[in-house]
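Peer 1: Quick one, coords-v3.csv (CSV, C-alpha atoms):
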```
chain,number,residue,atom,x,y,z
A,25,MET,CA,57.1,-2.9,-27.2
A,26,LYS,CA,59.9,-0.6,-28.4
A,27,ALA,CA,57.5,1.3,-30.6
A,28,ILE,CA,55.0,1.8,-27.7
A,29,ALA,CA,57.7,2.9,-25.4
A,30,CYS,CA,58.8,5.5,-28.0
A,31,LEU,CA,55.2,6.7,-28.3
A,32,LEU,CA,55.0,7.2,-24.5
A,33,LEU,CA,58.3,9.0,-24.5
A,34,GLY,CA,57.0,11.2,-27.3
A,35,LEU,CA,53.9,12.1,-25.2
A,36,ALA,CA,56.2,13.7,-22.6
A,37,ILE,CA,58.2,15.8,-25.1
A,38,THR,CA,57.4,19.5,-24.8
A,39,GLN,CA,55.8,20.8,-28.1
A,40,ALA,CA,58.3,23.1,-29.8
A,41,VAL,CA,57.5,25.8,-32.1
A,42,PHE,CA,59.2,25.4,-35.4
A,43,VAL,CA,59.0,26.8,-39.0
A,44,LYS,CA,57.8,24.5,-41.7
A,45,LYS,CA,59.3,25.1,-45.1
A,46,VAL,CA,56.8,23.7,-47.6
A,47,SER,CA,57.6,23.2,-51.2
A,48,ASP,CA,54.9,23.4,-53.7
A,49,PRO,CA,55.0,19.6,-54.6
A,50,ASN,CA,54.5,18.7,-50.9
A,51,ALA,CA,52.0,21.3,-50.1
A,52,ASN,CA,49.0,18.9,-49.9
A,53,VAL,CA,51.0,16.5,-47.6
A,54,PHE,CA,52.0,19.4,-45.4
A,55,ALA,CA,48.4,20.6,-45.2
A,56,GLU,CA,47.2,17.1,-44.2
A,57,LEU,CA,49.9,16.8,-41.6
A,58,GLU,CA,49.0,20.2,-40.2
A,59,GLU,CA,45.4,19.2,-40.0
A,60,ILE,CA,46.4,16.0,-38.2
A,61,GLU,CA,48.5,18.0,-35.8
A,62,GLU,CA,45.5,19.9,-34.7
A,63,HIS,CA,44.2,16.8,-33.0
A,64,GLU,CA,45.9,15.8,-29.7
A,65,LEU,CA,46.5,12.2,-30.7
A,66,GLY,CA,47.7,13.2,-34.2
A,67,ARG,CA,50.2,15.7,-32.6
A,68,LYS,CA,51.5,13.0,-30.2
A,69,ILE,CA,51.8,10.4,-33.1
A,70,LEU,CA,53.8,12.9,-35.2
A,71,ASP,CA,56.1,13.7,-32.3
A,72,THR,CA,56.7,10.0,-31.7
A,73,ILE,CA,57.4,9.3,-35.5
A,74,ALA,CA,59.7,12.3,-35.7
A,75,LEU,CA,61.6,11.1,-32.6
A,76,GLN,CA,61.9,7.5,-34.1
A,77,MET,CA,63.1,8.9,-37.4
A,78,LYS,CA,65.7,11.0,-35.6
A,79,ASN,CA,66.8,7.7,-33.9
A,80,GLN,CA,66.8,6.1,-37.3
A,81,ALA,CA,64.2,3.5,-36.4
A,82,PRO,CA,63.1,1.3,-39.3
A,83,LEU,CA,60.0,2.4,-41.1
A,84,ALA,CA,58.6,-1.1,-40.4
A,85,ASP,CA,58.8,-0.4,-36.7
A,86,ILE,CA,56.9,2.8,-37.2
A,87,ALA,CA,54.3,1.1,-39.3
A,88,LYS,CA,54.0,-1.7,-36.6
A,89,MET,CA,53.6,0.9,-33.9
A,90,LEU,CA,50.8,2.6,-35.8
A,91,GLN,CA,49.1,-0.7,-36.6
A,92,ASP,CA,49.3,-1.8,-32.9
A,93,LEU,CA,47.9,1.5,-31.8
A,94,ARG,CA,45.0,1.3,-34.4
A,95,GLU,CA,44.2,-2.3,-33.5
A,96,ASN,CA,44.2,-1.4,-29.8
A,97,LEU,CA,41.7,1.3,-30.4
A,98,VAL,CA,39.6,-1.1,-32.6
A,99,LEU,CA,39.7,-3.7,-29.8
A,100,GLN,CA,38.7,-1.0,-27.3
A,101,GLN,CA,35.8,-0.1,-29.5
A,102,GLN,CA,34.7,-3.8,-29.8
A,103,ASP,CA,34.9,-4.1,-26.0
A,104,ALA,CA,32.9,-0.9,-25.7
A,105,ASP,CA,30.3,-2.2,-28.2
A,106,ILE,CA,30.0,-5.5,-26.2
A,107,LYS,CA,29.7,-3.6,-22.9
A,108,HIS,CA,27.2,-1.2,-24.5
A,109,ALA,CA,25.0,-4.1,-25.7
A,110,GLN,CA,25.1,-5.7,-22.3
A,111,ASP,CA,24.4,-2.4,-20.6
A,112,GLU,CA,21.3,-2.0,-22.9
A,113,VAL,CA,20.1,-5.5,-22.0
A,114,ASP,CA,20.7,-4.7,-18.3
A,115,CYS,CA,18.9,-1.4,-18.6
A,116,SER,CA,15.9,-3.0,-20.4
A,117,SER,CA,15.8,-5.8,-17.8
A,118,GLU,CA,16.0,-3.6,-14.7
A,119,ILE,CA,13.6,-1.0,-16.1
A,120,ALA,CA,11.1,-3.8,-17.0
A,121,GLY,CA,11.5,-5.0,-13.4
A,122,TYR,CA,10.8,-1.5,-12.1
A,123,ASN,CA,7.7,-1.3,-14.4
A,124,ARG,CA,6.4,-4.6,-13.0
A,125,ARG,CA,6.9,-3.3,-9.4
A,126,ILE,CA,5.2,0.0,-10.3
A,127,ASP,CA,2.3,-1.9,-12.0
A,128,TYR,CA,1.9,-4.2,-9.0
A,129,ALA,CA,2.1,-1.4,-6.5
A,130,SER,CA,-0.4,0.6,-8.5
A,131,ASN,CA,-2.8,-2.3,-8.6
A,132,GLU,CA,-2.4,-2.9,-4.9
A,133,ILE,CA,-3.2,0.7,-4.2
A,134,SER,CA,-6.3,0.5,-6.5
A,135,GLU,CA,-7.6,-2.7,-4.9
A,136,ALA,CA,-6.8,-1.5,-1.4
A,137,THR,CA,-8.6,1.8,-2.0
A,138,GLN,CA,-11.7,-0.1,-3.2
A,139,GLU,CA,-11.6,-2.3,-0.1
A,140,ILE,CA,-11.1,0.7,2.2
A,141,THR,CA,-14.2,2.3,0.7
A,142,SER,CA,-16.3,-0.8,1.1
A,143,LEU,CA,-15.0,-1.6,4.6
A,144,THR,CA,-15.5,2.0,5.8
A,145,GLY,CA,-19.1,1.7,4.8
A,146,GLN,CA,-19.4,-1.6,6.6
A,147,VAL,CA,-17.9,-0.2,9.7
A,148,ALA,CA,-20.2,2.8,9.7
A,149,ALA,CA,-23.3,0.5,9.1
A,150,LEU,CA,-22.2,-1.8,11.9
A,151,GLU,CA,-21.6,1.1,14.3
A,152,SER,CA,-25.1,2.5,13.5
A,153,GLU,CA,-26.6,-1.0,14.0
A,154,ILE,CA,-24.9,-1.4,17.4
A,155,GLU,CA,-26.0,2.0,18.5
A,156,ASN,CA,-29.6,1.2,17.5
A,157,ILE,CA,-29.4,-2.1,19.4
A,158,ASN,CA,-28.2,-0.2,22.5
A,159,VAL,CA,-31.0,2.3,22.1
A,160,GLN,CA,-33.5,-0.6,21.9
A,161,LEU,CA,-32.0,-2.1,25.0
A,162,GLU,CA,-32.4,1.1,26.9
A,163,ILE,CA,-36.0,1.5,25.8
A,164,LEU,CA,-36.7,-2.1,26.8
A,165,ASN,CA,-35.1,-1.5,30.2
A,166,GLU,CA,-37.2,1.6,30.7
A,167,GLN,CA,-40.4,-0.2,29.6
A,168,GLU,CA,-39.7,-3.0,32.0
A,169,GLU,CA,-38.9,-0.6,34.9
A,170,GLU,CA,-42.2,1.2,34.1
A,171,LEU,CA,-44.0,-2.1,34.1
A,172,ARG,CA,-42.5,-3.2,37.4
A,173,THR,CA,-43.4,0.2,39.0
A,174,GLN,CA,-47.0,0.1,37.7
A,175,ARG,CA,-47.4,-3.5,38.9
A,176,ALA,CA,-46.2,-2.6,42.3
A,177,LYS,CA,-48.7,0.3,42.4
A,178,ASP,CA,-51.5,-2.0,41.1
A,179,ALA,CA,-50.7,-4.6,43.7
A,180,ALA,CA,-50.8,-2.1,46.5
A,181,SER,CA,-54.0,-0.6,45.2
A,182,PHE,CA,-55.6,-4.1,45.0
A,183,ALA,CA,-54.5,-4.9,48.6
A,184,SER,CA,-56.0,-1.6,49.7
A,185,ARG,CA,-59.3,-2.3,47.9
A,186,ILE,CA,-59.6,-5.8,49.2
A,187,GLN,CA,-58.9,-4.6,52.7
A,188,SER,CA,-61.5,-1.8,52.4
A,189,THR,CA,-64.1,-4.1,50.9
A,190,ARG,CA,-63.6,-6.8,53.5
A,191,GLU,CA,-64.0,-4.2,56.3
A,192,VAL,CA,-67.3,-3.0,54.6
A,193,VAL,CA,-68.5,-6.6,54.4
A,194,GLU,CA,-67.7,-7.2,58.1
A,195,ALA,CA,-69.5,-4.0,58.9
A,196,LEU,CA,-72.5,-5.2,56.9
A,197,ASN,CA,-72.4,-8.5,58.7
A,198,VAL,CA,-72.5,-6.6,62.0
A,199,VAL,CA,-75.4,-4.5,60.8
A,200,ALA,CA,-77.3,-7.5,59.5
A,201,ALA,CA,-76.8,-9.2,62.9
A,202,LYS,CA,-78.0,-6.2,64.7
A,203,LEU,CA,-81.0,-5.7,62.5
A,204,GLY,CA,-82.0,-9.3,63.1
A,205,ALA,CA,-82.3,-8.6,66.8
A,206,ILE,CA,-84.5,-5.5,66.4
A,207,GLN,CA,-88.2,-5.5,67.5
A,208,PRO,CA,-90.2,-3.6,64.9
A,209,GLU,CA,-92.6,-0.7,65.7
A,210,ALA,CA,-90.7,0.4,68.8
A,211,ASP,CA,-91.2,3.8,70.2
A,212,ALA,CA,-90.1,6.2,67.5
A,213,LYS,CA,-89.3,9.0,69.9
A,214,ALA,CA,-87.1,6.8,72.0
A,215,VAL,CA,-85.3,5.6,68.9
A,216,LEU,CA,-84.7,9.1,67.7
A,217,LEU,CA,-83.4,10.2,71.1
A,218,GLU,CA,-81.0,7.3,71.2
A,219,LEU,CA,-79.8,8.1,67.6
A,220,HIS,CA,-79.3,11.7,68.7
A,221,ASN,CA,-77.3,10.7,71.7
A,222,MET,CA,-75.0,8.4,69.5
A,223,GLY,CA,-74.3,11.1,66.9
A,224,LYS,CA,-71.5,10.3,64.5
A,225,SER,CA,-69.4,8.3,66.9
A,226,ASN,CA,-71.0,5.0,66.0
A,227,PRO,CA,-72.8,5.1,62.6
A,228,ILE,CA,-73.7,1.4,62.7
A,229,ALA,CA,-75.3,1.7,66.0
A,230,ALA,CA,-77.1,4.8,64.8
A,231,LEU,CA,-78.3,2.9,61.7
A,232,VAL,CA,-79.6,0.1,63.9
A,233,SER,CA,-81.3,2.5,66.2
A,234,LEU,CA,-82.9,4.2,63.2
A,235,ALA,CA,-84.1,0.9,61.8
A,236,SER,CA,-85.7,0.2,65.2
A,237,ALA,CA,-88.4,2.6,64.2
A,238,PHE,CA,-89.1,0.7,60.9
A,239,SER,CA,-92.2,-1.5,60.5
A,240,SER,CA,-91.7,-5.2,60.1
A,241,GLU,CA,-92.1,-5.0,56.4
A,242,ARG,CA,-89.8,-2.0,56.1
A,243,LEU,CA,-87.2,-3.7,58.2
A,244,GLN,CA,-87.3,-6.8,56.0
A,245,GLN,CA,-86.7,-4.6,53.0
A,246,VAL,CA,-83.7,-3.0,54.6
A,247,GLN,CA,-82.3,-6.3,55.6
A,248,GLY,CA,-82.8,-7.6,52.0
A,249,LYS,CA,-80.9,-4.5,50.6
A,250,ILE,CA,-78.1,-5.0,53.1
A,251,GLN,CA,-77.9,-8.7,52.1
A,252,GLU,CA,-77.7,-7.7,48.4
A,253,LEU,CA,-75.0,-5.1,49.2
A,254,ARG,CA,-73.0,-7.7,51.2
A,255,SER,CA,-73.3,-10.2,48.4
A,256,SER,CA,-72.3,-7.6,45.8
A,257,MET,CA,-69.3,-6.6,47.9
A,258,GLU,CA,-68.3,-10.2,48.4
A,259,GLN,CA,-68.6,-10.8,44.6
A,260,ALA,CA,-66.5,-7.7,44.0
A,261,VAL,CA,-63.8,-9.2,46.1
A,262,VAL,CA,-63.9,-12.4,44.1
A,263,ASP,CA,-63.9,-10.5,40.8
A,264,ASP,CA,-61.1,-8.1,41.9
A,265,THR,CA,-59.0,-11.1,43.1
A,266,GLU,CA,-59.5,-12.9,39.8
A,267,ASN,CA,-58.6,-9.7,37.9
A,268,GLU,CA,-55.5,-9.3,40.1
A,269,THR,CA,-54.5,-12.9,39.4
A,270,GLN,CA,-54.8,-12.4,35.7
A,271,GLN,CA,-52.8,-9.2,35.9
A,272,GLN,CA,-50.1,-11.0,37.7
A,273,ILE,CA,-50.1,-13.7,35.0
A,274,ASP,CA,-50.0,-11.0,32.3
A,275,TYR,CA,-47.2,-9.3,34.2
A,276,GLN,CA,-45.1,-12.4,34.3
A,277,ASN,CA,-45.7,-13.0,30.6
A,278,LEU,CA,-44.6,-9.5,29.8
A,279,LEU,CA,-41.5,-10.0,31.9
A,280,GLN,CA,-40.7,-13.1,29.9
A,281,GLN,CA,-41.3,-11.3,26.7
A,282,PHE,CA,-38.9,-8.5,27.9
A,283,ALA,CA,-36.3,-11.2,28.9
A,284,ASP,CA,-36.7,-12.9,25.4
A,285,GLN,CA,-36.3,-9.5,23.6
A,286,ARG,CA,-33.3,-8.6,25.8
A,287,LYS,CA,-31.7,-12.0,25.0
A,288,ASN,CA,-32.3,-11.4,21.3
A,289,PHE,CA,-30.8,-7.9,21.5
A,290,GLN,CA,-27.8,-9.1,23.4
A,291,VAL,CA,-27.2,-11.9,20.9
A,292,ALA,CA,-27.5,-9.5,18.0
A,293,LEU,CA,-25.3,-7.0,19.8
A,294,LYS,CA,-22.6,-9.7,20.3
A,295,ASP,CA,-22.8,-10.7,16.7
A,296,GLN,CA,-22.6,-7.2,15.4
A,297,THR,CA,-19.8,-6.3,17.7
A,298,ALA,CA,-17.8,-9.3,16.5
A,299,LYS,CA,-18.5,-8.3,12.9
A,300,LEU,CA,-17.4,-4.7,13.7
A,301,THR,CA,-14.1,-5.9,15.2
A,302,GLN,CA,-13.5,-8.1,12.2
A,303,ALA,CA,-14.3,-5.2,9.8
A,304,GLU,CA,-12.1,-2.8,11.7
A,305,HIS,CA,-9.2,-5.3,11.6
A,306,ALA,CA,-9.7,-5.8,7.9
A,307,LEU,CA,-9.9,-2.0,7.3
A,308,ALA,CA,-6.7,-1.5,9.2
A,309,ALA,CA,-5.0,-4.2,7.1
A,310,GLN,CA,-6.2,-2.6,3.9
A,311,LYS,CA,-4.9,0.8,5.0
A,312,LYS,CA,-1.5,-0.8,5.8
A,313,ARG,CA,-1.6,-2.5,2.5
A,314,LYS,CA,-2.2,0.8,0.7
A,315,GLU,CA,0.6,2.5,2.7
A,316,ASP,CA,3.0,-0.3,1.9
A,317,ALA,CA,2.1,-0.2,-1.7
A,318,GLY,CA,2.5,3.6,-1.8
A,319,ARG,CA,6.0,3.3,-0.4
A,320,GLU,CA,6.8,0.5,-2.9
A,321,LEU,CA,5.4,2.6,-5.7
A,322,GLN,CA,7.6,5.6,-4.7
A,323,THR,CA,10.7,3.4,-4.3
A,324,ALA,CA,10.2,1.7,-7.7
A,325,THR,CA,9.4,5.0,-9.4
A,326,ASN,CA,12.5,6.6,-8.0
A,327,GLY,CA,14.6,3.6,-8.9
A,328,LYS,CA,13.3,3.6,-12.5
A,329,ILE,CA,14.0,7.3,-12.8
A,330,GLN,CA,17.5,6.8,-11.5
A,331,LYS,CA,18.1,3.8,-13.7
A,332,GLU,CA,16.9,5.6,-16.8
A,333,ALA,CA,19.3,8.5,-15.9
A,334,ASP,CA,22.2,6.1,-15.4
A,335,CYS,CA,21.4,4.3,-18.7
A,336,GLU,CA,21.2,7.6,-20.5
A,337,ALA,CA,24.6,8.6,-19.0
A,338,LEU,CA,26.1,5.3,-20.2
A,339,ARG,CA,24.7,5.8,-23.7
A,340,THR,CA,26.1,9.4,-23.8
A,341,GLN,CA,29.5,8.2,-22.6
A,342,TYR,CA,29.5,5.3,-25.1
A,343,ALA,CA,28.6,7.6,-28.0
A,344,ARG,CA,31.2,10.2,-27.0
A,345,ASP,CA,33.9,7.6,-26.6
A,346,SER,CA,33.0,5.8,-29.8
A,347,GLU,CA,33.1,9.0,-31.7
A,348,HIS,CA,36.4,9.9,-30.2
A,349,ARG,CA,37.9,6.5,-31.1
A,350,THR,CA,36.5,6.7,-34.6
A,351,VAL,CA,38.3,10.0,-35.0
A,352,GLU,CA,41.5,8.6,-33.6
A,353,ILE,CA,41.4,5.5,-35.8
A,354,GLY,CA,40.8,7.8,-38.8
A,355,ILE,CA,43.8,9.9,-37.9
A,356,ILE,CA,46.0,6.8,-37.5
A,357,ARG,CA,44.8,5.4,-40.9
A,358,GLN,CA,45.5,8.8,-42.4
A,359,VAL,CA,49.0,8.8,-41.0
A,360,GLU,CA,49.5,5.2,-42.2
A,361,GLU,CA,48.3,6.2,-45.7
A,362,ILE,CA,50.6,9.2,-45.8
A,363,LEU,CA,53.7,7.2,-44.7
A,364,ALA,CA,52.8,4.5,-47.3
A,365,THR,CA,52.1,6.7,-50.2
A,366,LYS,CA,53.6,10.1,-49.5
A,367,LEU,CA,56.7,9.3,-47.4
A,368,GLU,CA,59.0,11.8,-49.2
A,369,GLY,CA,56.7,14.8,-48.5
A,370,ALA,CA,56.0,13.5,-44.9
A,371,SER,CA,59.7,13.0,-44.3
A,372,GLY,CA,60.4,16.7,-45.1
A,373,TYR,CA,57.7,17.8,-42.7
A,374,LEU,CA,58.9,15.5,-40.0
A,375,LYS,CA,62.5,16.5,-40.5
A,376,ALA,CA,61.5,20.1,-40.0
A,377,ARG,CA,59.9,19.1,-36.6
A,378,ILE,CA,63.1,17.4,-35.6
A,379,ASN,CA,65.2,20.5,-36.6
```
Take the structure in this file and express it as structure tokens.
Peer 2:
Amino acid sequence: MKAIACLLLGLAITQAVFVKKVSDPNANVFAELEEIEEHELGRKILDTIALQMKNQAPLADIAKMLQDLRENLVLQQQDADIKHAQDEVDCSSEIAGYNRRIDYASNEISEATQEITSLTGQVAALESEIENINVQLEILNEQEEELRTQRAKDAASFASRIQSTREVVEALNVVAAKLGAIQPEADAKAVLLELHNMGKSNPIAALVSLASAFSSERLQQVQGKIQELRSSMEQAVVDDTENETQQQIDYQNLLQQFADQRKNFQVALKDQTAKLTQAEHALAAQKKRKEDAGRELQTATNGKIQKEADCEALRTQYARDSEHRTVEIGIIRQVEEILATKLEGASGYLKARIN
């Protein structure tokens, strides 16, 4: 402890300028000591030794002081070596951890990118399918509306035709009844006069009056033709009614087909819409996955760069400190060797420092 206290005291002493008187036999020792003095630690050690010699400290104390100082530096270097080895282990471990995070994040980004590409295509296809179904529904609605409109027109036309045909049949019935009451071979002039008087106000009556001038045979022919016409008109009513009935059946069948198609479209629309919602949710999840992985990749990359810089700084500091301690230990060993083998020459040098 006394030796260390002396060393610390020597560190506070102001360096004085003094003249060294070197004799030729001690020239080499003086040269070594001058070289040692160029180093800060060497200069402080020589100051401390000179002070101890001035105080007549035993040489063994000086040697013990140098030994303790050297061993302290050796222990410092050993601690530094241990710390450096642990720092290297920590650096390797943490950098490996960053590399695992980087690899995982990169893989997540790659997988998410592939999923996004696939899901984007699915979403586009589903949107197109849904749009197509809606178009088909619109076309179906338009076709049904056209069918209903046409059916209403056809029904109205049928009703009008039936009404007109029935009126004609009734008229033919009236004509037939009138003709049945006619006496053939009437006075032709009287008939023509009556027809002229009726004019267009009553065509049936005019026809009856005209037929009054027919012969019995001719009248029977006319009555036969009217009967044929009446039968044809009545059959037309039957045929038209049957056709109308079939059209109504066909109309109801078409309406059912439209209803079935609409139901199928609506089921498909519901199914495709559900698939679209699912695909959109999956797409959003993959985009978030990619964003999260991107942030993790950036964080891990920055962390690795910073850790590598920190580790390099530790290596640089360790190398610098190790080199410095090696130089200082070498100086101490050199001083120890000089005191052990060249004490006489060293004493002269040190006495000159004291003086």
Peer 1: Which residues come within 12 Å of A:Ser184, counting all atoms listed in the file, excluding same-chain residues fewer than 6 positions away, as a list in words?
Peer 2: Lys177, Asp178, Arg190, Glu191, Val261, Asp264 and Thr265 of chain A
Peer 1: Rank A:Val147, A:Ala180, A:Val351, A:Val113 by their smallest atom-to-atom distance to A:Leu65, using only C-alpha atoms, and report the top residue only.
Peer 2: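 Ranking A:Val147, A:Ala180, A:Val351, A:Val113 by distance to A:Leu65, first place goes to A:Val351.
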Peer 1: If we count all atoms listed in the file and set the cut-off at 9 Å, which residues sit around A:Lys311, ignoring sequence neighbours fewer than 6 positions away in its own chain? Please answer as a ChimeraX atom specification.
Peer 2: /A:136-137,139-140
Peer 1: What gap, in Å, lies between atom CA of A:Asn326 and atom CA of A:Thr340?
Peer 2: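 Computed distance, atom CA of A:Asn326 to atom CA of A:Thr340, equals 21.0 Å.
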Peer 1: Enter the distance from atom CA of A:Leu70 to atom CA of A:Val98, in Å, rounded to one decimal.
Peer 2: 20.1 Å
